[in-house]
$ cat model.pdb   # PDB, C-alpha atoms (C1' of nucleotides)
ATOM      1  CA  MET S  23    -270.545 139.969 -13.971
ATOM      2  CA  GLY S  24    -267.830 142.265 -12.968
ATOM      3  CA  GLY S  25    -267.919 145.728 -11.616
ATOM      4  CA  SER S  26    -264.808 145.043  -9.631
ATOM      5  CA  GLU S  27    -262.421 143.826 -12.283
ATOM      6  CA  ILE S  28    -260.274 146.752 -11.458
ATOM      7  CA  ARG S  29    -256.889 146.181 -10.101
ATOM      8  CA  ARG S  30    -255.512 142.913 -11.250
ATOM      9  CA  THR S  31    -253.944 145.022 -13.956
ATOM     10  CA  MET S  32    -252.385 147.522 -11.600
ATOM     11  CA  PRO S  33    -248.621 147.682 -11.985
ATOM     12  CA  LEU S  34    -247.258 147.052  -8.519
ATOM     13  CA  PHE S  35    -244.377 144.641  -8.362
ATOM     14  CA  PRO S  36    -240.740 145.105  -9.287
ATOM     15  CA  ILE S  37    -238.976 142.228 -10.886
ATOM     16  CA  GLY S  38    -237.221 141.151  -7.717
ATOM     17  CA  ILE S  39    -240.511 140.373  -6.021
ATOM     18  CA  VAL S  40    -241.922 138.717  -9.104
ATOM     19  CA  MET S  41    -238.900 136.455  -9.231
ATOM     20  CA  GLN S  42    -239.741 135.208  -5.766
ATOM     21  CA  LEU S  43    -243.463 134.891  -6.294
ATOM     22  CA  ALA S  44    -243.176 133.030  -9.553
ATOM     23  CA  ASP S  45    -239.897 131.301  -8.808
ATOM     24  CA  LEU S  46    -238.306 132.453 -12.032
ATOM     25  CA  THR S  47    -235.040 134.194 -12.795
ATOM     26  CA  ALA S  48    -234.906 137.736 -14.094
ATOM     27  CA  ARG S  49    -233.479 136.329 -17.289
ATOM     28  CA  GLN S  50    -236.481 134.105 -17.792
ATOM     29  CA  ILE S  51    -238.964 136.845 -17.103
ATOM     30  CA  ARG S  52    -237.267 139.246 -19.499
ATOM     31  CA  TYR S  53    -237.065 136.552 -22.112
ATOM     32  CA  TYR S  54    -240.798 135.925 -21.938
ATOM     33  CA  GLU S  55    -241.370 139.628 -22.254
ATOM     34  CA  GLU S  56    -239.059 139.730 -25.243
ATOM     35  CA  HIS S  57    -241.384 137.212 -26.845
ATOM     36  CA  GLU S  58    -244.414 139.226 -25.808
ATOM     37  CA  LEU S  59    -245.927 136.686 -23.496
ATOM     38  CA  ILE S  60    -246.152 139.401 -20.898
ATOM     39  CA  LEU S  61    -246.080 143.165 -21.252
ATOM     40  CA  PRO S  62    -245.218 144.723 -17.911
ATOM     41  CA  THR S  63    -245.436 148.484 -17.738
ATOM     42  CA  ARG S  64    -242.446 150.638 -16.928
ATOM     43  CA  THR S  65    -241.700 153.308 -14.412
ATOM     44  CA  GLU S  66    -240.548 156.700 -15.587
ATOM     45  CA  GLY S  67    -237.066 155.393 -15.041
ATOM     46  CA  ASN S  68    -237.676 152.344 -17.232
ATOM     47  CA  ARG S  69    -237.973 149.763 -14.461
ATOM     48  CA  ARG S  70    -240.506 147.021 -15.084
ATOM     49  CA  LEU S  71    -243.628 146.905 -12.953
ATOM     50  CA  PHE S  72    -245.776 143.782 -12.972
ATOM     51  CA  SER S  73    -249.442 143.354 -12.162
ATOM     52  CA  LEU S  74    -251.133 140.388 -10.573
ATOM     53  CA  ASN S  75    -252.288 139.395 -14.012
ATOM     54  CA  ASP S  76    -248.702 139.428 -15.167
ATOM     55  CA  ILE S  77    -247.756 137.096 -12.344
ATOM     56  CA  ASP S  78    -250.644 134.790 -13.188
ATOM     57  CA  ARG S  79    -249.327 134.777 -16.698
ATOM     58  CA  LEU S  80    -245.833 133.945 -15.619
ATOM     59  CA  LEU S  81    -247.086 131.040 -13.565
ATOM     60  CA  GLU S  82    -249.009 129.778 -16.551
ATOM     61  CA  ILE S  83    -245.973 130.143 -18.760
ATOM     62  CA  LYS S  84    -243.870 128.261 -16.287
ATOM     63  CA  ASP S  85    -246.401 125.504 -16.095
ATOM     64  CA  LEU S  86    -246.777 125.140 -19.835
ATOM     65  CA  LEU S  87    -243.033 125.148 -20.345
ATOM     66  CA  GLU S  88    -242.723 122.388 -17.776
ATOM     67  CA  GLN S  89    -245.275 120.473 -19.836
ATOM     68  CA  GLY S  90    -242.912 120.675 -22.775
ATOM     69  CA  ILE S  91    -244.711 123.357 -24.744
ATOM     70  CA  ASN S  92    -242.434 125.939 -26.302
ATOM     71  CA  ILE S  93    -242.765 129.690 -26.411
ATOM     72  CA  ALA S  94    -244.460 129.715 -29.789
ATOM     73  CA  GLY S  95    -247.014 127.233 -28.536
ATOM     74  CA  ILE S  96    -247.697 129.212 -25.424
ATOM     75  CA  LYS S  97    -248.136 132.322 -27.477
ATOM     76  CA  LYS S  98    -250.771 130.647 -29.575
ATOM     77  CA  ILE S  99    -252.516 129.242 -26.521
ATOM     78  CA  PHE S 100    -252.661 132.678 -25.003
ATOM     79  CA  ALA S 101    -253.930 134.150 -28.225
ATOM     80  CA  VAL S 102    -256.846 131.754 -28.160
ATOM     81  CA  SER S 103    -257.728 131.957 -24.497
ATOM     82  CA  HIS S 104    -257.571 135.670 -24.789
ATOM     83  CA  LYS S 105    -259.826 135.928 -27.754
ATOM     84  CA  GLU S 106    -262.420 134.152 -25.627
ATOM     85  CA  ASN S 107    -262.266 136.769 -22.955
ATOM     86  CA  ASP S 108    -262.309 139.608 -25.423
ATOM     87  CA  GLU S 109    -265.455 138.336 -27.023
ATOM     88  CA  VAL S 110    -267.274 137.661 -23.799
ATOM     89  CA  GLU S 111    -266.360 141.089 -22.562
ATOM     90  CA  PRO S 112    -267.095 143.470 -25.443
ATOM     91  CA  VAL S 113    -264.763 146.294 -24.539
ATOM     92  CA  ALA S 114    -263.936 148.974 -22.047
ATOM     93  CA  LYS S 115    -266.610 149.163 -19.411
ATOM     94  CA  LYS S 116    -264.996 152.363 -18.270
ATOM     95  CA  ASP S 117    -264.601 150.885 -14.835
ATOM     96  CA  GLU S 118    -261.514 152.833 -13.937
ATOM     97  CA  LEU S 119    -261.415 154.401 -10.541
ATOM     98  CA  SER S 120    -258.805 156.957  -9.729
ATOM     99  CA  ASP S 121    -256.292 156.130  -7.060
ATOM    100  CA  GLU S 122    -257.876 158.810  -4.973
ATOM    101  CA  GLU S 123    -261.320 157.232  -5.235
ATOM    102  CA  LEU S 124    -259.914 153.866  -4.323
ATOM    103  CA  ARG S 125    -258.131 155.215  -1.306
ATOM    104  CA  THR S 126    -261.306 156.863  -0.133
ATOM    105  CA  LEU S 127    -263.263 153.648  -0.419
ATOM    106  CA  LEU S 128    -260.465 151.845   1.270
ATOM    107  CA  LYS S 129    -260.282 154.134   4.224
ATOM    108  CA  LYS S 130    -264.018 153.953   4.756
ATOM    109  CA  GLU S 131    -263.854 150.200   4.785
ATOM    110  CA  MET S 132    -260.907 150.081   7.085
ATOM    111  CA  MET S 133    -262.198 152.526   9.598
ATOM    112  CA  SER S 134    -265.554 150.796   9.892
ATOM    113  CA  PRO S 135    -265.383 148.356  12.794
ATOM    114  CA  GLY S 136    -266.291 144.726  12.944
ATOM    115  CA  ASN S 137    -265.064 143.376   9.678
ATOM    116  CA  ARG S 138    -261.545 142.307  10.449
ATOM    117  CA  ASN S 139    -260.268 138.789  10.131
ATOM    118  CA  ARG S 140    -262.359 137.724   7.241
ATOM    119  CA  SER S 141    -261.415 134.390   5.899
ATOM    120  CA  SER S 142    -263.483 133.015   3.062
ATOM    121  CA  LEU S 143    -261.416 131.566   0.284
ATOM    122  CA  ARG S 144    -261.880 132.869  -3.162
ATOM    123  CA  ALA S 145    -260.933 130.553  -5.887
ATOM    124  CA  GLY S 146    -258.629 130.898  -8.724
ATOM    125  CA  ASP S 147    -256.345 133.835  -8.526
ATOM    126  CA  LEU S 148    -253.344 135.356  -6.902
ATOM    127  CA  SER S 149    -255.334 136.908  -4.127
ATOM    128  CA  ARG S 150    -254.626 133.646  -2.421
ATOM    129  CA  PHE S 151    -251.199 135.091  -1.881
ATOM    130  CA  PHE S 152    -252.680 137.829   0.214
ATOM    131  CA  GLN S 153    -255.536 138.016   2.683
TER     132      GLN S 153
ATOM    133  CA  MET Z  13    -262.131 130.985  11.464
ATOM    134  CA  GLY Z  14    -259.107 131.470   9.392
ATOM    135  CA  GLY Z  15    -256.994 128.968   7.608
ATOM    136  CA  SER Z  16    -256.207 131.531   4.976
ATOM    137  CA  GLU Z  17    -254.906 134.430   7.019
ATOM    138  CA  ILE Z  18    -251.665 133.944   5.275
ATOM    139  CA  ARG Z  19    -250.335 136.584   3.104
ATOM    140  CA  ARG Z  20    -251.464 139.970   4.198
ATOM    141  CA  THR Z  21    -248.172 140.004   6.041
ATOM    142  CA  MET Z  22    -246.085 139.094   3.034
ATOM    143  CA  PRO Z  23    -243.460 141.721   2.279
ATOM    144  CA  LEU Z  24    -244.059 142.659  -1.339
ATOM    145  CA  PHE Z  25    -244.002 146.356  -2.040
ATOM    146  CA  PRO Z  26    -241.086 148.756  -2.312
ATOM    147  CA  ILE Z  27    -241.520 152.205  -0.936
ATOM    148  CA  GLY Z  28    -242.109 153.782  -4.336
ATOM    149  CA  ILE Z  29    -245.262 151.763  -4.859
ATOM    150  CA  VAL Z  30    -246.428 152.297  -1.309
ATOM    151  CA  MET Z  31    -246.077 156.023  -1.800
ATOM    152  CA  GLN Z  32    -248.519 155.833  -4.674
ATOM    153  CA  LEU Z  33    -250.963 153.481  -3.028
ATOM    154  CA  ALA Z  34    -251.145 155.402   0.212
ATOM    155  CA  ASP Z  35    -250.517 158.811  -1.246
ATOM    156  CA  LEU Z  36    -247.721 159.576   1.181
ATOM    157  CA  THR Z  37    -244.178 160.818   0.706
ATOM    158  CA  ALA Z  38    -241.195 158.632   1.446
ATOM    159  CA  ARG Z  39    -240.322 161.030   4.228
ATOM    160  CA  GLN Z  40    -243.679 160.502   5.876
ATOM    161  CA  ILE Z  41    -243.522 156.754   5.613
ATOM    162  CA  ARG Z  42    -240.021 156.629   7.080
ATOM    163  CA  TYR Z  43    -241.030 158.968   9.842
ATOM    164  CA  TYR Z  44    -243.898 156.734  10.853
ATOM    165  CA  GLU Z  45    -241.547 153.801  10.865
ATOM    166  CA  GLU Z  46    -239.094 155.763  12.973
ATOM    167  CA  HIS Z  47    -241.888 156.057  15.500
ATOM    168  CA  GLU Z  48    -242.692 152.375  15.184
ATOM    169  CA  LEU Z  49    -246.160 152.749  13.778
ATOM    170  CA  ILE Z  50    -245.132 150.359  11.027
ATOM    171  CA  LEU Z  51    -242.301 147.870  10.859
ATOM    172  CA  PRO Z  52    -241.650 146.958   7.252
ATOM    173  CA  THR Z  53    -239.164 144.191   6.690
ATOM    174  CA  ARG Z  54    -235.962 144.714   4.772
ATOM    175  CA  THR Z  55    -234.338 143.061   1.839
ATOM    176  CA  GLU Z  56    -230.847 141.703   2.230
ATOM    177  CA  GLY Z  57    -229.724 144.994   0.792
ATOM    178  CA  ASN Z  58    -231.643 146.984   3.411
ATOM    179  CA  ARG Z  59    -234.485 148.147   1.182
ATOM    180  CA  ARG Z  60    -237.854 148.353   2.899
ATOM    181  CA  LEU Z  61    -240.555 145.922   1.817
ATOM    182  CA  PHE Z  62    -244.139 146.566   2.853
ATOM    183  CA  SER Z  63    -247.010 144.150   3.224
ATOM    184  CA  LEU Z  64    -250.678 144.776   2.591
ATOM    185  CA  ASN Z  65    -251.107 145.083   6.322
ATOM    186  CA  ASP Z  66    -248.461 147.772   6.356
ATOM    187  CA  ILE Z  67    -250.345 149.683   3.695
ATOM    188  CA  ASP Z  68    -253.577 149.342   5.647
ATOM    189  CA  ARG Z  69    -251.709 150.729   8.589
ATOM    190  CA  LEU Z  70    -250.394 153.656   6.636
ATOM    191  CA  LEU Z  71    -253.865 154.509   5.440
ATOM    192  CA  GLU Z  72    -255.091 154.404   9.000
ATOM    193  CA  ILE Z  73    -252.247 156.601  10.144
ATOM    194  CA  LYS Z  74    -252.986 159.066   7.411
ATOM    195  CA  ASP Z  75    -256.630 159.150   8.334
ATOM    196  CA  LEU Z  76    -256.004 159.594  12.039
ATOM    197  CA  LEU Z  77    -253.466 162.337  11.411
ATOM    198  CA  GLU Z  78    -255.993 164.123   9.247
ATOM    199  CA  GLN Z  79    -258.376 163.888  12.180
ATOM    200  CA  GLY Z  80    -255.870 165.815  14.263
ATOM    201  CA  ILE Z  81    -254.515 162.935  16.311
ATOM    202  CA  ASN Z  82    -250.763 162.991  16.775
ATOM    203  CA  ILE Z  83    -248.268 160.183  16.495
ATOM    204  CA  ALA Z  84    -248.314 159.399  20.188
ATOM    205  CA  GLY Z  85    -252.089 159.113  20.096
ATOM    206  CA  ILE Z  86    -252.027 156.875  17.092
ATOM    207  CA  LYS Z  87    -249.471 154.688  18.757
ATOM    208  CA  LYS Z  88    -251.726 154.229  21.748
ATOM    209  CA  ILE Z  89    -254.726 153.558  19.549
ATOM    210  CA  PHE Z  90    -252.815 150.877  17.700
ATOM    211  CA  ALA Z  91    -251.601 149.389  20.948
ATOM    212  CA  VAL Z  92    -255.203 148.942  22.064
ATOM    213  CA  SER Z  93    -256.659 147.655  18.828
ATOM    214  CA  HIS Z  94    -253.788 145.257  18.586
ATOM    215  CA  LYS Z  95    -254.147 143.865  22.063
ATOM    216  CA  GLU Z  96    -257.670 142.901  21.005
ATOM    217  CA  ASN Z  97    -256.460 140.870  18.108
ATOM    218  CA  ASP Z  98    -253.718 139.251  20.111
ATOM    219  CA  GLU Z  99    -256.174 138.064  22.711
ATOM    220  CA  VAL Z 100    -258.713 136.768  20.255
ATOM    221  CA  GLU Z 101    -256.005 134.972  18.373
ATOM    222  CA  PRO Z 102    -253.911 133.206  21.012
ATOM    223  CA  VAL Z 103    -250.701 132.772  19.077
ATOM    224  CA  ALA Z 104    -249.047 131.152  16.121
ATOM    225  CA  LYS Z 105    -251.489 128.896  14.371
ATOM    226  CA  LYS Z 106    -248.570 127.594  12.408
ATOM    227  CA  ASP Z 107    -250.411 128.415   9.248
ATOM    228  CA  GLU Z 108    -247.336 129.186   7.250
ATOM    229  CA  LEU Z 109    -247.168 127.732   3.810
ATOM    230  CA  SER Z 110    -243.924 127.725   1.970
ATOM    231  CA  ASP Z 111    -243.697 129.732  -1.216
ATOM    232  CA  GLU Z 112    -243.435 126.481  -3.068
ATOM    233  CA  GLU Z 113    -246.667 125.161  -1.610
ATOM    234  CA  LEU Z 114    -248.418 128.385  -2.447
ATOM    235  CA  ARG Z 115    -247.242 128.348  -6.001
ATOM    236  CA  THR Z 116    -248.431 124.810  -6.394
ATOM    237  CA  LEU Z 117    -251.894 125.655  -5.120
ATOM    238  CA  LEU Z 118    -251.880 128.682  -7.296
ATOM    239  CA  LYS Z 119    -251.031 126.885 -10.451
ATOM    240  CA  LYS Z 120    -253.689 124.268  -9.831
ATOM    241  CA  GLU Z 121    -256.266 126.973  -9.404
ATOM    242  CA  MET Z 122    -255.164 128.872 -12.428
ATOM    243  CA  MET Z 123    -255.032 125.950 -14.745
ATOM    244  CA  SER Z 124    -258.469 124.723 -13.785
ATOM    245  CA  PRO Z 125    -260.952 126.122 -16.281
ATOM    246  CA  GLY Z 126    -264.163 127.955 -15.714
ATOM    247  CA  ASN Z 127    -263.376 130.164 -12.791
ATOM    248  CA  ARG Z 128    -262.084 133.299 -14.378
ATOM    249  CA  ASN Z 129    -263.707 136.668 -14.028
ATOM    250  CA  ARG Z 130    -265.031 136.237 -10.544
ATOM    251  CA  SER Z 131    -266.438 139.372  -9.130
ATOM    252  CA  SER Z 132    -267.800 139.204  -5.622
ATOM    253  CA  LEU Z 133    -266.624 142.040  -3.480
ATOM    254  CA  ARG Z 134    -264.996 141.243  -0.249
ATOM    255  CA  ALA Z 135    -265.296 143.880   2.374
ATOM    256  CA  GLY Z 136    -262.746 145.708   4.290
ATOM    257  CA  ASP Z 137    -259.268 145.228   3.047
ATOM    258  CA  LEU Z 138    -256.764 146.127   0.436
ATOM    259  CA  SER Z 139    -257.741 143.301  -1.818
ATOM    260  CA  ARG Z 140    -260.116 145.852  -3.223
ATOM    261  CA  PHE Z 141    -257.077 147.242  -4.926
ATOM    262  CA  PHE Z 142    -256.720 144.046  -6.845
ATOM    263  CA  GLN Z 143    -259.071 141.606  -8.486
TER     264      GLN Z 143
ATOM    265  C1'  DC H  14    -244.289 187.467  22.213
ATOM    266  C1'  DG H  15    -240.604 184.034  21.652
ATOM    267  C1'  DA H  16    -238.873 179.534  22.211
ATOM    268  C1'  DA H  17    -239.658 174.361  22.111
ATOM    269  C1'  DT H  18    -241.855 170.605  19.578
ATOM    270  C1'  DA H  19    -244.049 167.960  15.813
ATOM    271  C1'  DA H  20    -244.503 166.834  11.169
ATOM    272  C1'  DT H  21    -242.657 167.296   6.837
ATOM    273  C1'  DG H  22    -239.427 169.135   3.053
ATOM    274  C1'  DT H  23    -234.994 168.918   0.858
ATOM    275  C1'  DA H  24    -230.261 167.817  -0.356
ATOM    276  C1'  DA H  25    -226.000 164.977  -0.605
ATOM    277  C1'  DG H  26    -223.509 160.897  -1.045
ATOM    278  C1'  DA H  27    -223.532 155.903  -0.777
ATOM    279  C1'  DA H  28    -225.426 151.446  -1.797
ATOM    280  C1'  DA H  29    -228.741 148.334  -3.894
ATOM    281  C1'  DA H  30    -231.725 146.941  -7.609
ATOM    282  C1'  DT H  31    -232.642 146.926 -12.273
ATOM    283  C1'  DC H  32    -231.593 147.892 -17.136
ATOM    284  C1'  DT H  33    -229.594 146.560 -21.874
ATOM    285  C1'  DA H  34    -226.407 144.171 -24.603
ATOM    286  C1'  DA H  35    -223.342 140.716 -25.501
ATOM    287  C1'  DC H  36    -221.485 136.377 -25.252
ATOM    288  C1'  DA H  37    -221.588 131.472 -23.076
ATOM    289  C1'  DT H  38    -223.809 127.023 -22.178
ATOM    290  C1'  DC H  39    -226.559 123.079 -22.855
ATOM    291  C1'  DA H  40    -230.110 120.271 -24.611
ATOM    292  C1'  DT H  41    -232.822 119.108 -28.560
ATOM    293  C1'  DA H  42    -234.016 118.761 -33.248
ATOM    294  C1'  DT H  43    -232.780 118.579 -37.985
TER     295       DT H  43
ATOM    296  C1'  DA J  30    -222.627 118.031 -36.328
ATOM    297  C1'  DT J  31    -224.846 122.110 -36.746
ATOM    298  C1'  DA J  32    -228.650 125.200 -35.896
ATOM    299  C1'  DT J  33    -232.113 126.719 -32.596
ATOM    300  C1'  DG J  34    -234.372 127.559 -28.141
ATOM    301  C1'  DA J  35    -234.068 128.529 -23.404
ATOM    302  C1'  DT J  36    -231.293 130.084 -19.902
ATOM    303  C1'  DG J  37    -226.823 131.591 -17.512
ATOM    304  C1'  DT J  38    -223.415 135.135 -16.774
ATOM    305  C1'  DT J  39    -221.018 139.440 -16.965
ATOM    306  C1'  DA J  40    -220.199 144.424 -17.533
ATOM    307  C1'  DG J  41    -221.326 149.120 -17.348
ATOM    308  C1'  DA J  42    -224.935 152.450 -16.990
ATOM    309  C1'  DT J  43    -229.097 154.189 -14.777
ATOM    310  C1'  DT J  44    -232.721 154.322 -11.340
ATOM    311  C1'  DT J  45    -234.307 153.746  -6.822
ATOM    312  C1'  DT J  46    -233.747 153.649  -2.105
ATOM    313  C1'  DC J  47    -230.954 154.402   1.944
ATOM    314  C1'  DT J  48    -229.215 157.362   5.957
ATOM    315  C1'  DT J  49    -228.032 161.687   7.801
ATOM    316  C1'  DA J  50    -228.358 166.305   8.407
ATOM    317  C1'  DC J  51    -230.328 170.584   8.180
ATOM    318  C1'  DA J  52    -234.508 173.672   6.780
ATOM    319  C1'  DT J  53    -239.360 174.936   7.103
ATOM    320  C1'  DT J  54    -243.852 175.534   8.998
ATOM    321  C1'  DA J  55    -247.488 175.361  12.297
ATOM    322  C1'  DT J  56    -248.738 174.764  16.948
ATOM    323  C1'  DT J  57    -248.144 174.795  21.948
ATOM    324  C1'  DC J  58    -246.727 176.715  26.065
ATOM    325  C1'  DG J  59    -244.354 179.604  29.411
TER     326       DG J  59
END
$ encode --input "model.pdb" --output "structure tokens"
Amino acid sequence: MGGSEIRRTMPLFPIGIVMQLADLTARQIRYYEEHELILPTRTEGNRRLFSLNDIDRLLEIKDLLEQGINIAGIKKIFAVSHKENDEVEPVAKKDELSDEELRTLLKKEMMSPGNRNRSSLRAGDLSRFFQ
Amino acid sequence: MGGSEIRRTMPLFPIGIVMQLADLTARQIRYYEEHELILPTRTEGNRRLFSLNDIDRLLEIKDLLEQGINIAGIKKIFAVSHKENDEVEPVAKKDELSDEELRTLLKKEMMSPGNRNRSSLRAGDLSRFFQ
DNA sequence: CGAATAATGTAAGAAAATCTAACATCATAT
DNA sequence: ATATGATGTTAGATTTTCTTACATTATTCG
């Protein structure tokens, strides 16, 4: 289920950081975008902003390229694996929270004592980079 | 326990993003840094980079200020709550993973099927913003 | 009251980061 | 041996962030 599938799509990272996290050059990242493997959003000033999902994507792309698959192949692979998700998850669950709402939640959590230093590992996504 | 207390300290976010996430102006954020309530790292080119912990901090600062506590008070509060952590956690657990190691883990996780769309909520930190 | 202080706003000029576009390189496939 | 795919490199423009300095506003205190 998934009430919390909220913010992996949040545009947060400039390309410089993404380069480090994914170990790719700016040229590579822009090239993959050019071929629509990723679609980072833009700031008002036209700078790219990447989400965690975008970074996941880039890591997948990198991996598949290293396996000898070309861009066209990767595109098709993504098309398929995405259709899956789209079918499982009918459409917009309207689970958007405003930034304000999120901050409020966040503050409540943070100010409540006794829950620091959590540690459990969650599998399978970039949150491993954090926590 | 905590083998995974790794990346909440990772410098990732430029000030523009932090402004949005914490709903603070650049002036405010720099002022708090000036008073050593946060200590973001810098890029080679002297741009500030904030970690998730830094953003937590900023949200705390904001909250405490709204409660009428001044910078000096907040500083003292942080000094106390930090001494706690320092004592509980003796010192460097040497739990640093290189970026390369992290990426490797990450790719393994991502390429393994059947663990997408997880949902469990973890309490008390900024990861709520993501996943 | 009137002057200090604290927190934040604002502006200017410099420097860094990112953008697009174009051309170069290098391996692979035809 | 020539075309194509993926990436490198460079140049010039634009955006973002930096520091510094001064302005504003509310509060405290003599």
$ resolve_selection --input "model.pdb" --expression "the PyMOL selection byres ((chain S) within 9 of (chain H))" --output "PyMOL selection string"
chain S and resi 36-38+68-70
$ write_last_selection --input "model.pdb" --atoms "C-alpha atoms" --output "CSV table (one decimal), keeping the file's coordinate frame"
chain,number,residue,atom,x,y,z
S,36,PRO,CA,-240.7,145.1,-9.3
S,37,ILE,CA,-239.0,142.2,-10.9
S,38,GLY,CA,-237.2,141.2,-7.7
S,68,ASN,CA,-237.7,152.3,-17.2
S,69,ARG,CA,-238.0,149.8,-14.5
S,70,ARG,CA,-240.5,147.0,-15.1
$ atom_distance --input "model.pdb" --atom1 "atom CA of Z:Gln32" --atom2 "atom CA of Z:Ile67"
10.5 Å
$ closest_residue --input "model.pdb" --among "S:Ile39, S:Leu86, S:Ile93, S:Met32" --to "chain J" --atoms "all atoms listed in the file"
S:Ile93
$ residues_near_point --input "model.pdb" --point "(-234.2, 127.6, -20.6)" --cutoff "12 Å" --atoms "all atoms listed in the file" --output "ChimeraX atom specification"
/S:46-47,49-51,53-54,84,87-88,90,92-93 /H:38-41 /J:34-37
$ interface_residues --input "model.pdb" --of "chain J" --to "chain Z" --cutoff "12 Å" --atoms "all atoms listed in the file" --output "PyMOL selection string"
chain J and resi 44-48+56
$ write_last_selection --input "model.pdb" --atoms "C-alpha atoms (C1' of nucleotides)" --output "PDB file, in the coordinates of the input"
ATOM      1  C1'  DT J  44    -232.721 154.322 -11.340  1.00  0.00           C
ATOM      2  C1'  DT J  45    -234.307 153.746  -6.822  1.00  0.00           C
ATOM      3  C1'  DT J  46    -233.747 153.649  -2.105  1.00  0.00           C
ATOM      4  C1'  DC J  47    -230.954 154.402   1.944  1.00  0.00           C
ATOM      5  C1'  DT J  48    -229.215 157.362   5.957  1.00  0.00           C
ATOM      6  C1'  DT J  56    -248.738 174.764  16.948  1.00  0.00           C
TER       7       DT J  56
END
$ closest_residue --input "model.pdb" --among "S:Glu58, S:Val102, S:Glu82, S:Arg64" --to "chain Z" --atoms "all atoms listed in the file"
S:Glu82
$ resolve_selection --input "model.pdb" --expression "the PyMOL selection byres ((chain S and resi 62) around 7)" --output "list in words"
Ile60, Leu61, Thr63, Arg64, Arg70, Leu71, Phe72 and Asp76 of chain S
$ atom_distance --input "model.pdb" --atom1 "atom CA of Z:Ile86" --atom2 "atom CA of Z:Ala34"
17.0 Å
$ atom_distance --input "model.pdb" --atom1 "atom CA of Z:Leu24" --atom2 "atom CA of Z:Ser63"
5.6 Å
$ closest_residue --input "model.pdb" --among "Z:Gln79, Z:Leu49, Z:Leu64, Z:Lys87" --to "chain S" --atoms "all atoms listed in the file"
Z:Leu64
